[in-house]
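Worksheet: one structure, shown below.
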Amino acid sequence: MSQQVWDDPEPLTVESAPVPAYGTGSLADLLPTLAAGMDVPDMTASLGELSPADRNCVFLIDGLGWEQLKAHPDEAPFMSSLLGSSRGGTGRPLTAGYPATTATSLASVGTGLPPGAHGLPGYTVRNPETGELMNQLRWIPWTKPDKWQPYPTVFQLADAAGVHTAQVSAPHFQNTPLTKIALSGGTFHGRLTGEDRMDMAAEQLAAGDRSLVYTYYAEVDGKGHRFGVDSDPWRGQLMYVDRLVQRLAEQLPPRAALYVTADHGMIDIPFGEQHRIDFDEDWELRAGVALLGGEGRARHVYAVPGAESDVLTCWREVLGEQFWVASRDEAIAAGWFGPHIDERVYARIGDVVAAARDDVLITASEREPKESLMVGNHGSMTPAEQHIPLLEVRS
């Protein structure tokens with residue numbers, strides 16, 4: 001009898017990661033395409049499948065990935081009926097960008113730039129000037145916004161070009177640093193209820209001969225994190241937001257286009273040691289690490305000076321069959337953060353970058369107790385996280 005030989009699984013190569021479609025089909029390409037169609041100077045229509053409209057509204061639903069929407073036609077009958085309209089009738093999704101997380105994606109959509117340029121390359125990243133981790137969603141510790149992200153938003157450029165520009169969202173977002181650096185320009189209209197936001201978005205869309213309006217809804221993401229995708233609370237939110245989309249679509253003024261999109265998808269990660277690797281309990285992963293940034297499926301790892309190579313080797317040996325593990329320069333060369341990296345952004349990226357392929361997280365039970373308990377997660381380059389809809393309704 002011949003003896004069976006078991007081959008050790010090969011570690012994932014950096015080149016095998018499915019890099020977002022920057023410049024041809026990513027979230028960062030949406031607003032420049034719409035603005036170019038309204039004759040805003042210096043804007044490029046990278047999404048050539050979209051036909052220009054005089055009045056454009058973007059409704060961003062936080063956490064509603066393409067795969068999750070396709071899997072729930074009964075809960076979202078109106079949006080499901082629009083799946084064929086995605087990306088100008090191609091029926092294809094956009095990619096969010098890496099990492100697939102809210103702060104990064106909102107900066108991408110608002111500035112029209114990939115993460116390597118706008119400089120929000122993760123949930124938490126190191127501030128090279130202070131050496132501290134900076135939470136870019138909550139803006140803690142406070143950092144001067146226009147120094148952290150100096151580029152104008154597409155809304156500001158459109159407003160300067162005479163386009164009627166407005167954002168409609170929850171009132172508490174009006175003065176946040178993230179709104180300032182990613183979504184400001186024109187006027188902000190705070191409305192508490194989803195219905196009021198839809199009505200105000202339609203009103204603002206009709207207020208100019210050329211209009212660019214943005215509106216936002218957060219709780220699909222919130223319920224996904226807490227209870228998981230396909231939980232009853234998550235499905236309830238999907239049903240609610242589906243009605244909101246229909247409400248807005250039915251109020252579009254003439255010569256208008258509504259685009260429904262998202263900042264990322266989501267994946268549920270089971271609890272247990274096989275799926276959740278606790279950095280705070282793992283001496284191998286901690287060795288030589290000064291700071292742990294990012295989030296469970298998209299980690300930035302900052303090494304003690306001189307230990308960069310050893311940390312990369314260790315993380316590859318421990319995680320390389322489940323994560324794409326790259327050095328900073330490898331991740332940049334592979335285009336994970338876009339086609340180029342601004343000098344001010346370079347050191348914000350981890351010495352080691354780890355992106356999950358499998359159903360697994362790197363948690364940190366002591367440093368990140370709340371995040372470590374989340375059921376639904378996102379951040380990496382898998383289709384469930386990266387693919388987002390671009391549903392279209394025209395008047």
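Here's how to read the names in the structure tokens: chain A, B, ... by the order shown, residue numbers from 1 in each chain, ligand numbers from 1 in the order shown.
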
Inset, instruction - Name all residues at most 8 Å from range 383-393 of chain A (count only C-alpha atoms; drop same-chain ones fewer than 3 positions away) and give them as a PyMOL selection string. - result: chain A and resi 20+64-68+79+82-88+92-97+100+249+257-267+378-380

Can you spit out the residues from that selection as an mmCIF file, in the first residue's frame, using C-alpha atoms?
```
data_model
loop_
_atom_site.group_PDB
_atom_site.id
_atom_site.type_symbol
_atom_site.label_atom_id
_atom_site.label_comp_id
_atom_site.auth_asym_id
_atom_site.auth_seq_id
_atom_site.Cartn_x
_atom_site.Cartn_y
_atom_site.Cartn_z
ATOM 1 C CA PRO A 20 -10.363 46.964 -6.202
ATOM 2 C CA LEU A 64 -25.480 47.029 2.018
ATOM 3 C CA GLY A 65 -23.239 44.837 -0.121
ATOM 4 C CA TRP A 66 -24.117 43.489 -3.555
ATOM 5 C CA GLU A 67 -24.126 39.872 -2.394
ATOM 6 C CA GLN A 68 -26.343 40.585 0.603
ATOM 7 C CA MET A 79 -34.066 47.416 -4.998
ATOM 8 C CA LEU A 82 -33.240 47.450 -10.015
ATOM 9 C CA LEU A 83 -30.320 44.983 -9.915
ATOM 10 C CA GLY A 84 -30.188 44.889 -13.706
ATOM 11 C CA SER A 85 -29.816 48.674 -13.776
ATOM 12 C CA SER A 86 -26.573 48.592 -11.779
ATOM 13 C CA ARG A 87 -23.658 50.417 -13.410
ATOM 14 C CA GLY A 88 -25.651 51.864 -16.249
ATOM 15 C CA ARG A 92 -22.461 44.624 -12.437
ATOM 16 C CA PRO A 93 -21.357 45.934 -9.027
ATOM 17 C CA LEU A 94 -18.717 48.477 -8.130
ATOM 18 C CA THR A 95 -15.841 47.703 -5.789
ATOM 19 C CA ALA A 96 -15.618 49.648 -2.545
ATOM 20 C CA GLY A 97 -11.843 50.082 -2.275
ATOM 21 C CA ALA A 100 -13.802 48.096 2.687
ATOM 22 C CA ALA A 249 -37.444 57.291 -6.554
ATOM 23 C CA ALA A 257 -30.912 60.239 -11.857
ATOM 24 C CA LEU A 258 -30.879 58.434 -8.515
ATOM 25 C CA TYR A 259 -27.943 56.153 -7.722
ATOM 26 C CA VAL A 260 -28.222 53.763 -4.768
ATOM 27 C CA THR A 261 -24.886 52.466 -3.536
ATOM 28 C CA ALA A 262 -23.018 51.440 -0.374
ATOM 29 C CA ASP A 263 -19.655 51.797 1.324
ATOM 30 C CA HIS A 264 -18.975 48.063 1.775
ATOM 31 C CA GLY A 265 -20.632 44.678 2.167
ATOM 32 C CA MET A 266 -20.471 42.448 5.219
ATOM 33 C CA ILE A 267 -19.730 38.900 6.298
ATOM 34 C CA HIS A 378 -15.980 43.816 6.819
ATOM 35 C CA GLY A 379 -12.775 45.376 5.572
ATOM 36 C CA SER A 380 -11.072 42.925 3.238
#
```

Inset, instruction - Name the residues in contact with Thr215 in chain A at a cut-off of 7 Å, using only C-alpha atoms, excluding same-chain residues fewer than 2 positions from it; report them as a ChimeraX atom specification. - result: /A:58-60,167-169,201,213

Legend entry - For Arg55 in chain A, the nearest of the candidates A:Asp342, A:Glu273, A:Glu203, A:Glu75, counting only C-alpha atoms: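 Selected residue with least distance to Arg55 in chain A: A:Glu203.
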
Inset, instruction - Would you kindly return, as a list in words, each protein, DNA or RNA residue with an atom no farther than 12 Å from any atom of Ser231 in chain A, considering only C-alpha atoms and excluding same-chain residues fewer than 3 positions away? - result: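 The residues that qualify are Gln68, His72, Glu75, Val220, Gly222, Lys223, Gly224, His225, Arg226, Phe227, Gly228, Trp234, Arg235, Gly236, Gln237, Leu238, Asp268, Val375 and Gly376 of chain A.
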
Inset, instruction - If you run DSSP over the backbone, which residues in range 147-336 of chain A end up alpha helix (DSSP H)? Put them as a PyMOL selection string. - result: chain A and resi 147-148+154-160+177-182+194-205+219-227+232-249+283-286+308-319+328-333

Inset, instruction - Tell me which of A:Gly89, A:Gly131, A:Pro369, A:Pro305 sits closest to Asp278 in chain A, counting only C-alpha atoms. - result: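 The shortest atom-to-atom distance to Asp278 in chain A comes from A:Pro369.
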
Inset, instruction - Find the residue from A:Ala160, A:Ala364, A:Ala331, A:Val325 that sits nearest to Gly293 in chain A; use only C-alpha atoms when measuring. - result: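 Smallest distance to Gly293 in chain A is found for A:Ala364.
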
Legend entry - Residue nearest Glu371 in chain A among A:Pro145, A:Gly296, A:Pro52, A:Gly272 (counting only C-alpha atoms): A:Gly296

Inset, instruction - Would you list, as JSON, numbers by chain, the residues of range 149-252 of chain A that end up in strand (DSSP E) under DSSP run on this structure's backbone? - result: {"A": [164, 165, 166, 167, 168, 169, 187, 188, 189, 190, 211, 212, 213, 214, 215, 216, 217]}

Legend entry - Selection near Leu292 in chain A, 10 Å with only C-alpha atoms, sequence-local residues under 3 positions removed, as a list of chain:residue names: A:Thr124, A:Val125, A:Arg126, A:Leu133, A:Phe279, A:Asp280, A:Arg286, A:Val289, A:Glu295, A:Arg299, A:His300, A:Val301, A:Tyr302, A:Ala303, A:Gly350, A:Val352, A:Ala364, A:Arg367

Save the residues we just selected, N, CA, C and O atoms, as a PDB file, in the first residue's frame?
```
ATOM      1  N   THR A 124      -8.448  52.314  11.930  1.00  0.00           N
ATOM      2  CA  THR A 124      -7.475  53.015  12.757  1.00  0.00           C
ATOM      3  C   THR A 124      -6.112  52.873  12.090  1.00  0.00           C
ATOM      4  O   THR A 124      -5.742  51.794  11.620  1.00  0.00           O
ATOM      5  N   VAL A 125      -5.377  53.977  12.023  1.00  0.00           N
ATOM      6  CA  VAL A 125      -4.032  53.961  11.446  1.00  0.00           C
ATOM      7  C   VAL A 125      -3.115  54.823  12.304  1.00  0.00           C
ATOM      8  O   VAL A 125      -3.572  55.661  13.078  1.00  0.00           O
ATOM      9  N   ARG A 126      -1.820  54.591  12.136  1.00  0.00           N
ATOM     10  CA  ARG A 126      -0.853  55.377  12.907  1.00  0.00           C
ATOM     11  C   ARG A 126      -0.700  56.775  12.318  1.00  0.00           C
ATOM     12  O   ARG A 126      -0.577  56.940  11.107  1.00  0.00           O
ATOM     13  N   LEU A 133      -2.251  55.742  17.416  1.00  0.00           N
ATOM     14  CA  LEU A 133      -3.296  55.282  16.523  1.00  0.00           C
ATOM     15  C   LEU A 133      -4.377  56.347  16.411  1.00  0.00           C
ATOM     16  O   LEU A 133      -4.797  56.937  17.413  1.00  0.00           O
ATOM     17  N   PHE A 279      -5.394  38.576  19.065  1.00  0.00           N
ATOM     18  CA  PHE A 279      -4.037  39.142  19.097  1.00  0.00           C
ATOM     19  C   PHE A 279      -3.538  39.308  20.525  1.00  0.00           C
ATOM     20  O   PHE A 279      -2.357  39.057  20.817  1.00  0.00           O
ATOM     21  N   ASP A 280      -4.408  39.739  21.409  1.00  0.00           N
ATOM     22  CA  ASP A 280      -3.993  39.995  22.783  1.00  0.00           C
ATOM     23  C   ASP A 280      -3.639  38.726  23.546  1.00  0.00           C
ATOM     24  O   ASP A 280      -3.024  38.793  24.618  1.00  0.00           O
ATOM     25  N   ARG A 286       2.044  38.955  18.599  1.00  0.00           N
ATOM     26  CA  ARG A 286       2.400  40.190  19.317  1.00  0.00           C
ATOM     27  C   ARG A 286       3.887  40.507  19.245  1.00  0.00           C
ATOM     28  O   ARG A 286       4.287  41.658  19.409  1.00  0.00           O
ATOM     29  N   VAL A 289       5.590  43.784  17.734  1.00  0.00           N
ATOM     30  CA  VAL A 289       4.546  44.702  17.282  1.00  0.00           C
ATOM     31  C   VAL A 289       4.410  45.851  18.274  1.00  0.00           C
ATOM     32  O   VAL A 289       4.190  45.634  19.464  1.00  0.00           O
ATOM     33  N   GLU A 295      -8.750  46.853  11.459  1.00  0.00           N
ATOM     34  CA  GLU A 295      -9.849  46.120  12.096  1.00  0.00           C
ATOM     35  C   GLU A 295      -9.675  44.644  11.800  1.00  0.00           C
ATOM     36  O   GLU A 295      -8.741  44.249  11.101  1.00  0.00           O
ATOM     37  N   ARG A 299      -5.994  44.400   8.793  1.00  0.00           N
ATOM     38  CA  ARG A 299      -5.104  44.885   9.837  1.00  0.00           C
ATOM     39  C   ARG A 299      -3.913  45.667   9.290  1.00  0.00           C
ATOM     40  O   ARG A 299      -3.302  45.289   8.301  1.00  0.00           O
ATOM     41  N   HIS A 300      -3.610  46.776   9.970  1.00  0.00           N
ATOM     42  CA  HIS A 300      -2.337  47.475   9.834  1.00  0.00           C
ATOM     43  C   HIS A 300      -1.499  47.113  11.057  1.00  0.00           C
ATOM     44  O   HIS A 300      -1.938  47.316  12.197  1.00  0.00           O
ATOM     45  N   VAL A 301      -0.302  46.601  10.822  1.00  0.00           N
ATOM     46  CA  VAL A 301       0.581  46.162  11.902  1.00  0.00           C
ATOM     47  C   VAL A 301       1.829  47.030  11.877  1.00  0.00           C
ATOM     48  O   VAL A 301       2.551  47.073  10.871  1.00  0.00           O
ATOM     49  N   TYR A 302       2.088  47.737  12.978  1.00  0.00           N
ATOM     50  CA  TYR A 302       3.223  48.644  13.063  1.00  0.00           C
ATOM     51  C   TYR A 302       4.269  48.019  13.972  1.00  0.00           C
ATOM     52  O   TYR A 302       4.022  47.773  15.156  1.00  0.00           O
ATOM     53  N   ALA A 303       5.435  47.739  13.395  1.00  0.00           N
ATOM     54  CA  ALA A 303       6.471  47.001  14.104  1.00  0.00           C
ATOM     55  C   ALA A 303       7.344  47.925  14.949  1.00  0.00           C
ATOM     56  O   ALA A 303       7.486  49.121  14.662  1.00  0.00           O
ATOM     57  N   GLY A 350       0.405  50.261   7.516  1.00  0.00           N
ATOM     58  CA  GLY A 350       1.170  49.399   8.399  1.00  0.00           C
ATOM     59  C   GLY A 350       2.456  48.894   7.767  1.00  0.00           C
ATOM     60  O   GLY A 350       2.562  48.754   6.547  1.00  0.00           O
ATOM     61  N   VAL A 352       3.236  45.964   8.117  1.00  0.00           N
ATOM     62  CA  VAL A 352       2.638  44.735   7.601  1.00  0.00           C
ATOM     63  C   VAL A 352       1.137  44.988   7.447  1.00  0.00           C
ATOM     64  O   VAL A 352       0.506  45.599   8.310  1.00  0.00           O
ATOM     65  N   ALA A 364      -8.926  41.687  19.087  1.00  0.00           N
ATOM     66  CA  ALA A 364      -8.053  42.162  20.155  1.00  0.00           C
ATOM     67  C   ALA A 364      -8.945  42.399  21.365  1.00  0.00           C
ATOM     68  O   ALA A 364      -9.482  43.496  21.547  1.00  0.00           O
ATOM     69  N   ARG A 367      -7.767  45.365  23.766  1.00  0.00           N
ATOM     70  CA  ARG A 367      -7.641  46.680  23.150  1.00  0.00           C
ATOM     71  C   ARG A 367      -8.938  47.124  22.483  1.00  0.00           C
ATOM     72  O   ARG A 367      -9.228  48.307  22.398  1.00  0.00           O
TER      73      ARG A 367
END
```

Legend entry - Atom pair CA of Leu120 in chain A / CA of Thr104 in chain A: separation (Å):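 Atom-to-atom, CA of Leu120 in chain A and CA of Thr104 in chain A are spaced 5.2 Å apart.
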
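Excluding Gln204 in chain A itself and any same-chain residue fewer than 6 positions from it, the protein and nucleic acid residues within 10 Å of it, counting only C-alpha atoms, are Arg55, Cys57, His164, Thr165, Ala166, Gln167, Val168, Thr187, His189, Met198, Ser211, Leu212, Val213, Tyr214 and Pro253 of chain A.
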
With range 173-176 of chain A as the partner and 10 Å as the cut-off, tabulate the residues of range 58-149 of chain A that qualify, each row holding the nearest pair of atoms and their distance in Å to one decimal, using only C-alpha atoms, sorted by chain and rising number, as CSV.
```
residue,atom,partner,partner_atom,distance
A:Leu137,CA,A:Thr176,CA,9.6
A:Arg138,CA,A:Thr176,CA,8.5
A:Trp139,CA,A:Thr176,CA,8.3
A:Pro145,CA,A:Thr176,CA,9.6
```

Just the selected residues (all heavy atoms), exported as a CSV table (one decimal), in the first residue's frame, please.
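Below is the file that was written, part-v7.csv:
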```
chain,number,residue,atom,x,y,z
A,137,LEU,N,-12.8,57.1,11.8
A,137,LEU,CA,-14.3,57.2,11.8
A,137,LEU,C,-14.7,58.1,12.9
A,137,LEU,O,-15.6,59.0,12.7
A,137,LEU,CB,-14.9,55.8,12.0
A,137,LEU,CG,-16.4,55.7,11.9
A,137,LEU,CD1,-16.9,56.1,10.5
A,137,LEU,CD2,-16.9,54.3,12.3
A,138,ARG,N,-14.2,58.0,14.1
A,138,ARG,CA,-14.6,58.8,15.3
A,138,ARG,C,-13.7,60.0,15.5
A,138,ARG,O,-13.9,60.9,16.3
A,138,ARG,CB,-14.6,57.9,16.5
A,138,ARG,CG,-15.6,56.8,16.5
A,138,ARG,CD,-15.6,55.9,17.7
A,138,ARG,NE,-16.7,55.0,17.7
A,138,ARG,CZ,-16.7,53.8,17.0
A,138,ARG,NH1,-15.6,53.5,16.4
A,138,ARG,NH2,-17.8,53.1,17.0
A,139,TRP,N,-12.5,60.1,14.7
A,139,TRP,CA,-11.6,61.2,14.7
A,139,TRP,C,-11.0,61.4,16.1
A,139,TRP,O,-11.0,62.4,16.7
A,139,TRP,CB,-12.2,62.5,14.2
A,139,TRP,CG,-11.3,63.3,13.4
A,139,TRP,CD1,-10.6,64.3,13.7
A,139,TRP,CD2,-11.0,63.0,12.0
A,139,TRP,NE1,-9.8,64.8,12.7
A,139,TRP,CE2,-10.1,64.0,11.6
A,139,TRP,CE3,-11.4,62.1,11.0
A,139,TRP,CZ2,-9.5,64.1,10.3
A,139,TRP,CZ3,-10.9,62.1,9.8
A,139,TRP,CH2,-10.0,63.1,9.4
A,145,PRO,N,-8.4,68.5,10.6
A,145,PRO,CA,-9.0,67.8,9.4
A,145,PRO,C,-8.3,68.1,8.1
A,145,PRO,O,-8.0,67.2,7.3
A,145,PRO,CB,-10.4,68.2,9.5
A,145,PRO,CG,-10.7,68.5,10.9
A,145,PRO,CD,-9.4,69.2,11.4
```

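The gap separating CA of Ala354 in chain A from CA of Phe271 in chain A is 20.0 Å, in Å to one decimal.
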
Legend entry - From A:Ile349, A:Pro177, A:Ala36, A:Glu10, residue lying nearest Ser327 in chain A [only C-alpha atoms]: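 Closest residue, counting only C-alpha atoms: A:Ile349.
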
Inset, instruction - Give me, please, the distance in Å between CA of Asp146 in chain A and CA of Ile341 in chain A, quoted to one decimal. - result: 17.7 Å

Inset, instruction - Considering only C-alpha atoms, return as a VMD selection string whatever protein or nucleic-acid residues lie within 9 Å of Arg297 in chain A, sequence-local ones (same chain, fewer than 6 positions apart) excluded. - result: chain A and resid 99 323 354 to 357 360 to 363 377 to 380

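Using only C-alpha atoms, the nearest neighbour of Ser105 in chain A within the list A:Leu319, A:Leu192, A:Ala182, A:Ala307 is A:Ala182.
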
Inset, instruction - For Ala28 in chain A, list every protein, DNA or RNA residue within 8 Å, evaluated using only C-alpha atoms, and leave out those in the same chain fewer than 4 positions away; present the list as JSON, numbers by chain. - result: {"A": [22, 23, 32, 96, 97, 105, 108, 109, 110, 111, 112, 113, 114]}
